[in-house]
Amino acid sequence: MTRLAAERQKGLSPGVSLRLVATGVGFRLMRSGVTVAVQALAVAFLVYVFAAATIDTTVQRRAAEAIAPYRKADAQLTRLRQPDTVRTITETLQHGGEERLAEYATWAGLTDTELADAKWLAQQWHDAQRWHESLPDDDRVLLFGDQPLLEATVQLDDPDERRRLEQRLAERQLEPPGGAAPWVAFFDEPLARLMTTAQRIRAGHIRALSRLDPATMQHASDEQASQTLAEAGFRITEAQLTDLRPFAERLHTAAAMTEALQDPDVRRAIARRARVTINSVTPEVARDVIATPADAAWLHERLAERNTADAPPTADALFDYADHARREQRLADALPASSSAATNEPAAMSASTESRWLGLPPRTLLLIALSCLVCVVGVANAMTMSVTERFSEIATMKCLGARSGSVMTMFLLESAALGVAGGVVGTALGLALAAAGGFVRYGTLLAMAGDALGTLGLVALGALALGVVLSVIAALLPSWFAARLPPIAAMRVE
Amino acid sequence: MSNTPPHPDQERPAAIRTLDLAKQYGTGDAATHALRGVEINFHRGEFIAVMGPSGSGKSTLFNMVGALDAPSAGRILIDEVDAAQLSANELAFLRCRKIGYIFQSYNLVRYMTALENVTLPMVFAGIDAETAHKKGMQLLEQVGIADRWDHRPLELSGGQQQRVAIARSLANNPMILLADEPTANLDFKTGREVLDLLERINKDRQVTVICSTHDHRLLAMCDRIVWVRDGRIERIQKREDLEITVGHMAGEDDQ
């Protein structure tokens with residue numbers, strides 16, 4: 001027989017396919033509520049994890065920047081009030097700035113060679129401590145006991161002890177940086193030399209501090225104070241001193257207030273105001289009582305009622321102190337515990353970010369993978385149900401001239417539409433949750449995350465795209481089943 | 001009960017011809033022979049009722065004629081094109097433009113309005129939206145429910161749904177209308193209206209209507225009745241030969 005008029009049915013254009021899928025999409029989306037919900041939850045989780053991480057990083061970076069002046073002023077003021085500890089001195093020798101080292105050299109009367117030697121020793125000591133910390137716990141305890149390295153190595157001035165430690169290191173196949181013998185030898189004379197130098201510096205610092213009179217410094221002009229400090233060997237410029245003034249003022253106010261808390265009347269007044277028992281009144285409680293300038297005025301009056309030689313801090317000073325102390329506290333609270341101890345060791349940061357991917361710990365990544373899987377399975381299940389439910393509809397469409405490809409396209413598009421719906425809802429939900437979580441953790445400091453709006457937008461877009469891709473992947477198999485359905489299935493009567 | 005030879009009415013061109021059509025399901029001893037060599041001509045503009053008990057092969061024949069199922073042996077020529085030799089896309093083209101389907105359970109797309117259902121075959125045929133819209137409204141007008149064009153199937157009665165389905169089947173001006181028990185789900189009066197509609201379409205448009213049915217009222221309006229039994233054409237009756245029987249049956253229906 002001839003094949004008269006045997007023409008091929010043409011496929012649908014993308015626009016027409018879209019229009020068909022858009023037909024009654026509201027009706028179908030309502031029926032697909034569960035699918036959309038599953039998808040929304042998966043996307044929400046994804047967005048939440050990334051958005052929360054972004055918010056954390058940004059707020060913490062900004063908080064670290066904002067707290068830096070406080071920390072720096074604290075360090076400066078501490079240096080002007082107390083001698084550095086040996087520990088601080090060795091750390092400063094290892095990574096401190098030129099000015100601090102020049103101060104040390106002046107106080108201890110170190111020559112350039114001696115200073116260079118001290119710096120080198122401090123570096124060795126630092127490296128030795130790092131290696132000691134990096135050892136596995138059982139090795140460390142076995143070799144050095146459960147105590148700091150300095151105490152653990154006291155007996156190493158004995159050559160026999162040193163030989164024994166070298167042997168034990170060799171037995172456990174541990175190789176300190178630079179080799180076992182030099183490493184162990186460091187704990188004999190070199191470490192003693194470093195400690196001697198540190199003690200000399202400390203003694204010099206104490207002598208320098210003895211030339212400063214706090215009361216005079218408090219009221220001296222910047223020029224006078226700067227001159228006194230220079231004579232005592234401190235390297236601090238007049239400008240730096242001007243910057244330090246408000247911090248010193250607050251420190252003074254805090255000291256005066258703490259001192260005033262010895263007075264039972266003041267304690268009682270503050271206890272009543274803060275609604276706590278008299279025994280639990282601490283400087284922090286007193287600080288938090290000063291919430292407004294009016295509170296500061298009230299406390300000033302209470303302090304003024306006392307008969308003391310010193311004039312009490314003014315209301316303005318009290319409020320300024322409390323306001324800044326709270327702000328510093330908030331910033332410090334926002335920082336992770338490791339960096340809030342004022343160590344400037346960048347190595348500590350990189351150690352905790354090891355074995356991470358996209359800045360997230362493996363457990364969270366596993367959860368993300370699981371939520372994506374749940375999303376795929378959920379959508380695949382919903383699409384399979386949707387296909388099964390619509391067998392006769394699909395077959396009817398094929399009777400009406402739909403090609404298999406057109407049916408497949410329509411189902412994939414529909415699933416993509418579900419993906420978009422779920423993605424939008426999920427992204428909104430995830431962002432809202434991340435913002436809420438951020439507010440709980442950082443309070444008003446959350447505004448600092450404003451810097452990361454661009455990144456958050458990218459996270460949202462990425463999650464949306466992922467939601468759509470996941471749901472299309474999940475719909476591939478059900479769509480293929482739908483496309484394969486013979487038109488004769490339309491004849492079946494339900 | 002031998003094969004009935006093709007109808008000798010040669011001056012009318014055939015819409016569908018079958019040549020020694022056979023269909024079996026399964027193989028060997030387990031094989032079921034649904035059709036055992038059917039030769040029949042359906043002419044253009046004819047109104048045909050296909051009747052037969054369940055399991056007679058009526059549905060199988062019906063599906064073959066509608067290019068919904070492929071024969072095991074023999075040929076089925078729809079408008080002189082051998083349906084068994086067509087590719088999937090060519091079959092889709094054929095179903096889209098040559099044949100209109102009317103189903104027992106209407107098979108309207110639930111989430112589409114009446115008008116959207118009617119224009120659907122035109123969308124598949126690549127007709128632009130505006131033309132399809134206009135023609136869809138005309139068709140709804142012809143089946144008498146133009147005022148309900150924006151209602152979804154769930155908001156329509158059975159008879160109204162079947163009218164939409166009939167309008168849809170006419171969308172691409174098919175040569176053949178295949179109606180599978182179109183009145184089975186309808187009450188007496190609505191069934192009557194649907195049958196009248198089919199008859200009017202047959203007369204006005206000269207469309208070949210092939211109707212599988214148990215509804216004996218149809219016998220009064222069709223040109224020929226094909227009785228199928230045991231996978232074979234048992235007999236073909238012209239309506240003229242049937243008047244008395246129909247009258248009797250119509251009397252039964254009128255109770």
# chains A, B, ... in the order shown; residues from 1 in each chain; ligands from 1

call {"tool": "residues_around", "arguments": {"residues": "B:Ile201", "least_positions_apart": "6", "cutoff": "12 Å", "atoms": "only C-alpha atoms", "output": "number ranges by chain"}}
result
B: 45-47, 139, 142-143, 163, 166-167, 169-170, 173-177, 194-195, 207-209

call {"tool": "residues_around", "arguments": {"residues": "A:Ala463", "least_positions_apart": "3", "cutoff": "7 Å", "atoms": "only C-alpha atoms", "output": "short mmCIF file (atom, residue, chain, number, x, y, z; two decimals) with all heavy atoms, in the first residue's frame"}}
result
data_model
loop_
_atom_site.label_atom_id
_atom_site.label_comp_id
_atom_site.auth_asym_id
_atom_site.auth_seq_id
_atom_site.Cartn_x
_atom_site.Cartn_y
_atom_site.Cartn_z
N VAL A 43 15.15 23.09 50.41
CA VAL A 43 15.81 24.33 49.97
C VAL A 43 16.02 25.26 51.17
O VAL A 43 17.07 25.88 51.31
CB VAL A 43 14.99 25.02 48.87
CG1 VAL A 43 15.55 26.39 48.56
CG2 VAL A 43 14.98 24.16 47.61
N LEU A 46 18.99 24.20 53.15
CA LEU A 46 20.20 24.55 52.40
C LEU A 46 20.51 26.05 52.55
O LEU A 46 21.62 26.44 52.92
CB LEU A 46 19.97 24.21 50.94
CG LEU A 46 21.18 24.12 50.05
CD1 LEU A 46 21.89 22.82 50.35
CD2 LEU A 46 20.77 24.17 48.61
N VAL A 47 19.49 26.85 52.28
CA VAL A 47 19.66 28.30 52.35
C VAL A 47 20.04 28.69 53.78
O VAL A 47 20.94 29.49 53.99
CB VAL A 47 18.38 29.03 51.92
CG1 VAL A 47 18.48 30.51 52.23
CG2 VAL A 47 18.14 28.81 50.45
N VAL A 459 23.58 33.09 47.43
CA VAL A 459 23.17 31.85 48.09
C VAL A 459 21.73 31.53 47.73
O VAL A 459 21.39 30.40 47.36
CB VAL A 459 23.32 31.99 49.63
CG1 VAL A 459 22.57 30.87 50.34
CG2 VAL A 459 24.78 31.97 50.02
N ALA A 460 20.86 32.57 47.80
CA ALA A 460 19.44 32.37 47.50
C ALA A 460 19.26 31.90 46.05
O ALA A 460 18.56 30.93 45.78
CB ALA A 460 18.67 33.65 47.75
N LEU A 466 19.34 25.18 42.37
CA LEU A 466 19.52 23.79 42.78
C LEU A 466 18.17 23.10 42.96
O LEU A 466 17.97 21.96 42.54
CB LEU A 466 20.32 23.72 44.08
CG LEU A 466 20.70 22.30 44.49
CD1 LEU A 466 21.87 21.81 43.66
CD2 LEU A 466 21.04 22.22 45.96
N GLY A 467 17.22 23.83 43.57
CA GLY A 467 15.87 23.27 43.77
C GLY A 467 15.25 22.88 42.43
O GLY A 467 14.69 21.79 42.29
#

call {"tool": "closest_atom_pairs", "arguments": {"of": "chain B", "to": "chain A", "cutoff": "10 Å", "atoms": "only C-alpha atoms", "output": "CSV"}}
result
residue,atom,partner,partner_atom,distance
B:Ser59,CA,A:Met491,CA,9.2
B:Asn63,CA,A:Ile488,CA,7.2
B:Met64,CA,A:Ile488,CA,9.8
B:Gly66,CA,A:Cys399,CA,9.1
B:Ala67,CA,A:Ile488,CA,8.9
B:Leu68,CA,A:Ile488,CA,5.2
B:Asp69,CA,A:Ile488,CA,6.8
B:Arg75,CA,A:Met1,CA,9.1
B:Leu77,CA,A:Met1,CA,8.6
B:Ile78,CA,A:Leu4,CA,9.8
B:Asp79,CA,A:Leu4,CA,8.2
B:Glu80,CA,A:Leu4,CA,6.7
B:Val81,CA,A:Arg3,CA,5.2
B:Asp82,CA,A:Arg3,CA,6.5
B:Ala83,CA,A:Arg3,CA,8.9
B:Gln85,CA,A:Arg3,CA,8.3
B:Leu86,CA,A:Ala6,CA,7.3
B:Ser87,CA,A:Arg8,CA,8.0
B:Ala88,CA,A:Arg403,CA,7.7
B:Asn89,CA,A:Arg8,CA,5.1
B:Glu90,CA,A:Arg8,CA,4.2
B:Leu91,CA,A:Arg8,CA,7.6
B:Ala92,CA,A:Gly401,CA,4.6
B:Phe93,CA,A:Gln9,CA,4.2
B:Leu94,CA,A:Gly401,CA,7.6
B:Arg95,CA,A:Gly401,CA,5.5
B:Cys96,CA,A:Gly401,CA,4.0
B:Arg97,CA,A:Gly401,CA,7.8
B:Ile99,CA,A:Leu400,CA,8.6
B:Gly100,CA,A:Leu400,CA,7.6
B:Tyr101,CA,A:Cys399,CA,7.3
B:Ile102,CA,A:Met491,CA,9.6
B:Phe103,CA,A:Met491,CA,6.8
B:Gln104,CA,A:Val493,CA,7.4
B:Ser105,CA,A:Val493,CA,6.6
B:Tyr106,CA,A:Thr396,CA,9.7
B:Asn107,CA,A:Glu393,CA,6.5
B:Leu108,CA,A:Glu393,CA,7.3
B:Val109,CA,A:Glu393,CA,5.9
B:Arg110,CA,A:Glu393,CA,8.2
B:Tyr111,CA,A:Gly24,CA,5.2
B:Met112,CA,A:Gly24,CA,5.9
B:Thr113,CA,A:Gly24,CA,8.3
B:Glu116,CA,A:Thr23,CA,8.3
B:Asn117,CA,A:Met397,CA,10.0
B:Leu120,CA,A:Leu400,CA,7.6
B:Pro121,CA,A:Leu400,CA,5.2
B:Met122,CA,A:Leu400,CA,8.8
B:Val123,CA,A:Val16,CA,7.6
B:Phe124,CA,A:Gly401,CA,5.8
B:Ala125,CA,A:Gly401,CA,7.2
B:Gly126,CA,A:Leu12,CA,7.3
B:Asp128,CA,A:Val16,CA,9.4
B:Ala129,CA,A:Val16,CA,9.1
B:Arg152,CA,A:Gly24,CA,9.6
B:Arg168,CA,A:Leu400,CA,8.8
B:Ser169,CA,A:Leu400,CA,8.1
B:Ala171,CA,A:Leu400,CA,9.6
B:Asn172,CA,A:Leu400,CA,9.5
B:Asp180,CA,A:Met491,CA,7.9

call {"tool": "write_last_selection", "arguments": {"atoms": "C-alpha atoms", "output": "compact mmCIF listing (two decimals), in the first residue's frame"}}
result
# COMPACT_ATOMS: atom_id res chain seq x y z
CA SER B 59 -13.13 -3.14 21.51
CA ASN B 63 -8.99 0.37 18.79
CA MET B 64 -7.49 -0.78 15.47
CA GLY B 66 -8.76 4.36 15.73
CA ALA B 67 -5.04 3.69 15.13
CA LEU B 68 -4.67 3.08 18.86
CA ASP B 69 -3.51 -0.52 18.52
CA ARG B 75 -3.82 -4.19 7.15
CA LEU B 77 -6.04 1.60 5.91
CA ILE B 78 -7.16 4.90 7.36
CA ASP B 79 -7.78 7.30 4.49
CA GLU B 80 -5.75 4.85 2.37
CA VAL B 81 -2.74 5.08 4.71
CA ASP B 82 -1.55 1.85 6.31
CA ALA B 83 -1.58 2.69 10.00
CA GLN B 85 3.50 1.10 8.95
CA LEU B 86 3.52 4.56 10.52
CA SER B 87 6.11 5.83 12.97
CA ALA B 88 5.02 7.14 16.38
CA ASN B 89 5.12 10.73 15.20
CA GLU B 90 3.23 9.93 12.01
CA LEU B 91 0.58 8.18 14.09
CA ALA B 92 0.38 11.26 16.30
CA PHE B 93 -0.20 13.36 13.18
CA LEU B 94 -2.91 10.93 12.02
CA ARG B 95 -4.69 10.92 15.39
CA CYS B 96 -4.47 14.66 15.60
CA ARG B 97 -6.04 15.50 12.25
CA ILE B 99 -9.65 11.04 13.79
CA GLY B 100 -11.73 12.56 16.57
CA TYR B 101 -12.14 10.50 19.73
CA ILE B 102 -15.14 10.52 22.04
CA PHE B 103 -14.79 8.47 25.20
CA GLN B 104 -17.23 6.77 27.51
CA SER B 105 -15.88 8.74 30.50
CA TYR B 106 -15.41 11.95 28.46
CA ASN B 107 -11.66 12.13 29.31
CA LEU B 108 -11.57 15.89 29.59
CA VAL B 109 -8.42 17.37 31.10
CA ARG B 110 -9.52 18.23 34.64
CA TYR B 111 -7.57 21.40 35.15
CA MET B 112 -8.50 22.96 31.81
CA THR B 113 -11.64 24.96 31.05
CA GLU B 116 -9.02 25.01 26.72
CA ASN B 117 -10.05 21.40 26.33
CA LEU B 120 -6.03 21.38 22.94
CA PRO B 121 -5.95 19.33 19.69
CA MET B 122 -5.44 22.58 17.76
CA VAL B 123 -2.47 23.39 20.00
CA PHE B 124 -0.98 20.00 19.15
CA ALA B 125 -1.69 20.68 15.46
CA GLY B 126 0.33 23.89 15.71
CA ASP B 128 -2.03 29.74 16.57
CA ALA B 129 -3.81 30.64 19.77
CA ARG B 152 -13.84 23.24 34.40
CA ARG B 168 -12.99 18.74 21.09
CA SER B 169 -13.14 15.75 18.75
CA ALA B 171 -11.36 20.59 16.55
CA ASN B 172 -9.12 19.64 13.63
CA ASP B 180 -16.67 4.55 22.45

call {"tool": "residues_around", "arguments": {"residues": "A:Arg275", "least_positions_apart": "5", "cutoff": "12 Å", "atoms": "only C-alpha atoms", "output": "ChimeraX atom specification"}}
result
/A:267-270,280-281,285-286,288-289

call {"tool": "write_last_selection", "arguments": {"atoms": "all heavy atoms", "output": "short mmCIF file (atom, residue, chain, number, x, y, z; two decimals), in the first residue's frame"}}
result
data_model
loop_
_atom_site.label_atom_id
_atom_site.label_comp_id
_atom_site.auth_asym_id
_atom_site.auth_seq_id
_atom_site.Cartn_x
_atom_site.Cartn_y
_atom_site.Cartn_z
N ARG A 267 25.90 49.50 97.46
CA ARG A 267 25.51 48.14 97.06
C ARG A 267 24.00 47.96 97.18
O ARG A 267 23.34 47.43 96.29
CB ARG A 267 26.20 47.09 97.93
CG ARG A 267 27.67 46.91 97.63
CD ARG A 267 28.23 45.81 98.53
NE ARG A 267 27.89 44.49 98.02
CZ ARG A 267 28.65 43.83 97.17
NH1 ARG A 267 29.77 44.36 96.72
NH2 ARG A 267 28.29 42.65 96.75
N ARG A 268 23.48 48.42 98.34
CA ARG A 268 22.06 48.23 98.60
C ARG A 268 21.22 48.98 97.55
O ARG A 268 20.26 48.45 97.00
CB ARG A 268 21.72 48.72 100.02
CG ARG A 268 20.41 48.16 100.55
CD ARG A 268 20.22 48.48 102.03
NE ARG A 268 21.29 47.93 102.86
CZ ARG A 268 22.11 48.66 103.63
NH1 ARG A 268 21.97 49.98 103.67
NH2 ARG A 268 23.04 48.10 104.36
N ALA A 269 21.64 50.22 97.29
CA ALA A 269 20.88 51.03 96.32
C ALA A 269 20.87 50.36 94.94
O ALA A 269 19.83 50.24 94.30
CB ALA A 269 21.50 52.42 96.22
N ILE A 270 22.05 49.87 94.53
CA ILE A 270 22.14 49.22 93.21
C ILE A 270 21.35 47.92 93.19
O ILE A 270 20.65 47.61 92.22
CB ILE A 270 23.62 48.98 92.84
CG1 ILE A 270 24.28 50.33 92.55
CG2 ILE A 270 23.75 48.06 91.64
CD1 ILE A 270 25.74 50.24 92.25
N SER A 280 24.81 39.66 95.25
CA SER A 280 25.14 39.38 93.85
C SER A 280 25.40 40.66 93.05
O SER A 280 25.43 40.63 91.84
CB SER A 280 24.02 38.56 93.20
OG SER A 280 22.77 39.08 93.57
N VAL A 281 25.62 41.78 93.75
CA VAL A 281 25.97 43.01 93.04
C VAL A 281 27.43 42.95 92.63
O VAL A 281 28.32 42.86 93.47
CB VAL A 281 25.72 44.25 93.93
CG1 VAL A 281 26.25 45.50 93.23
CG2 VAL A 281 24.24 44.40 94.21
N VAL A 285 26.77 44.12 87.16
CA VAL A 285 25.40 44.50 87.52
C VAL A 285 25.30 46.02 87.57
O VAL A 285 24.37 46.63 87.01
CB VAL A 285 25.00 43.88 88.88
CG1 VAL A 285 23.65 44.42 89.33
CG2 VAL A 285 24.94 42.36 88.77
N ALA A 286 26.29 46.64 88.20
CA ALA A 286 26.29 48.10 88.31
C ALA A 286 26.32 48.73 86.93
O ALA A 286 25.60 49.70 86.64
CB ALA A 286 27.51 48.54 89.12
N ASP A 288 25.19 47.45 84.14
CA ASP A 288 23.93 47.28 83.42
C ASP A 288 22.80 48.11 84.02
O ASP A 288 21.79 48.34 83.37
CB ASP A 288 23.54 45.80 83.36
CG ASP A 288 24.48 45.05 82.44
OD1 ASP A 288 25.07 45.70 81.56
OD2 ASP A 288 24.62 43.81 82.60
N VAL A 289 22.99 48.55 85.29
CA VAL A 289 21.99 49.44 85.88
C VAL A 289 21.99 50.77 85.12
O VAL A 289 20.95 51.41 84.96
CB VAL A 289 22.29 49.65 87.38
CG1 VAL A 289 21.63 50.91 87.90
CG2 VAL A 289 21.81 48.43 88.17
#

call {"tool": "atom_distance", "arguments": {"atom1": "atom CA of A:Pro136", "atom2": "atom CA of A:Glu171"}}
result
15.2 Å

call {"tool": "atom_distance", "arguments": {"atom1": "atom CA of A:Ala52", "atom2": "atom CA of A:Ala380"}}
result
29.0 Å

call {"tool": "residues_around", "arguments": {"residues": "A:Thr92", "least_positions_apart": "6", "cutoff": "9 Å", "atoms": "only C-alpha atoms", "output": "JSON, numbers by chain"}}
result
{"A": [100, 101, 119, 122]}

call {"tool": "closest_residue", "arguments": {"among": "B:Asp147, B:Trp227, B:Ala34, B:Leu115", "to": "B:Ala132", "atoms": "only C-alpha atoms"}}
result
B:Leu115

call {"tool": "select_by_dssp", "arguments": {"residues": "stretch 14-255 of chain B", "states": "strand (DSSP E or B)", "output": "JSON, numbers by chain"}}
result
{"B": [14, 15, 16, 17, 18, 19, 20, 21, 22, 23, 24, 25, 32, 33, 34, 35, 36, 37, 38, 39, 40, 41, 42, 43, 47, 48, 49, 50, 51, 73, 74, 75, 76, 77, 78, 81, 82, 99, 100, 101, 102, 176, 177, 178, 179, 180, 208, 209, 210, 211, 212, 224, 225, 226, 227, 228, 229, 232, 233, 234, 235, 236, 237, 238]}

call {"tool": "closest_residue", "arguments": {"among": "A:Glu91, A:Glu166, A:Asp74, A:Asp158", "to": "A:Ala118", "atoms": "only C-alpha atoms"}}
result
A:Glu91

call {"tool": "select_by_dssp", "arguments": {"residues": "stretch 46-171 of chain A", "states": "alpha helix (DSSP H)", "output": "VMD selection string"}}
result
chain A and resid 46 to 79 86 to 95 98 to 108 112 to 134 137 to 144 149 to 152 159 to 171

call {"tool": "closest_residue", "arguments": {"among": "B:Ala73, B:Val226, B:Leu21, B:Leu219", "to": "B:Glu240", "atoms": "only C-alpha atoms"}}
result
B:Leu219

call {"tool": "closest_residue", "arguments": {"among": "B:Ala179, B:Thr18, B:Gln24, B:Glu234", "to": "B:Ala165", "atoms": "only C-alpha atoms"}}
result
B:Ala179

call {"tool": "residues_around", "arguments": {"residues": "A:Asp323", "least_positions_apart": "4", "cutoff": "8 Å", "atoms": "only C-alpha atoms", "output": "list of chain:residue names"}}
result
A:Ala291, A:Phe319, A:Arg327

call {"tool": "atom_distance", "arguments": {"atom1": "atom CA of A:Val379", "atom2": "atom CA of A:Thr35"}}
result
5.7 Å

call {"tool": "residues_around", "arguments": {"residues": "B:His33", "least_positions_apart": "3", "cutoff": "12 Å", "atoms": "only C-alpha atoms", "output": "PyMOL selection string"}}
result
chain B and resi 21-30+36-38+55-57+60-61+71-73+229-232
